[in-house]
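**Q** Please see the structure below; I have some questions.
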Amino acid sequence: NSYPTEIRGSAVGLAQTVSRIGGVLSPIVASAYLAMKPLPDVNLFFWFVAVCALVTTISFFLIPSHIARNRK
């Protein structure tokens, strides 16, 4: 229900594509980070992940809804 009806199929397909790309890239980025010489502080990596999760959560709440709030 987050996408208008006219573009729902394309929007869901795009969202799935972005999800799959993120799923492939995340272990590559993590292994590249852990292979750095000298190794940065591991806490920095977890802070980066936490910031990404926060940005994702905030962006979710910024998506405008086209569903009426007052349903009875």
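Labeling convention for the structure tokens: chains A, B, ... as they appear, residues from 1 per chain, ligands from 1 in order of appearance.
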What residues in chain A get the DSSP label alpha helix (DSSP H)? Please answer as a PyMOL selection string.
**A** chain A and resi 8-34+42-61
**Q** Taking into account only C-alpha atoms, which residue in the set A:Trp47, A:Thr57, A:Cys52, A:Leu39 is nearest to Gly22 in chain A?
**A**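 Using only C-alpha atoms, Gly22 in chain A sits closest to A:Cys52.
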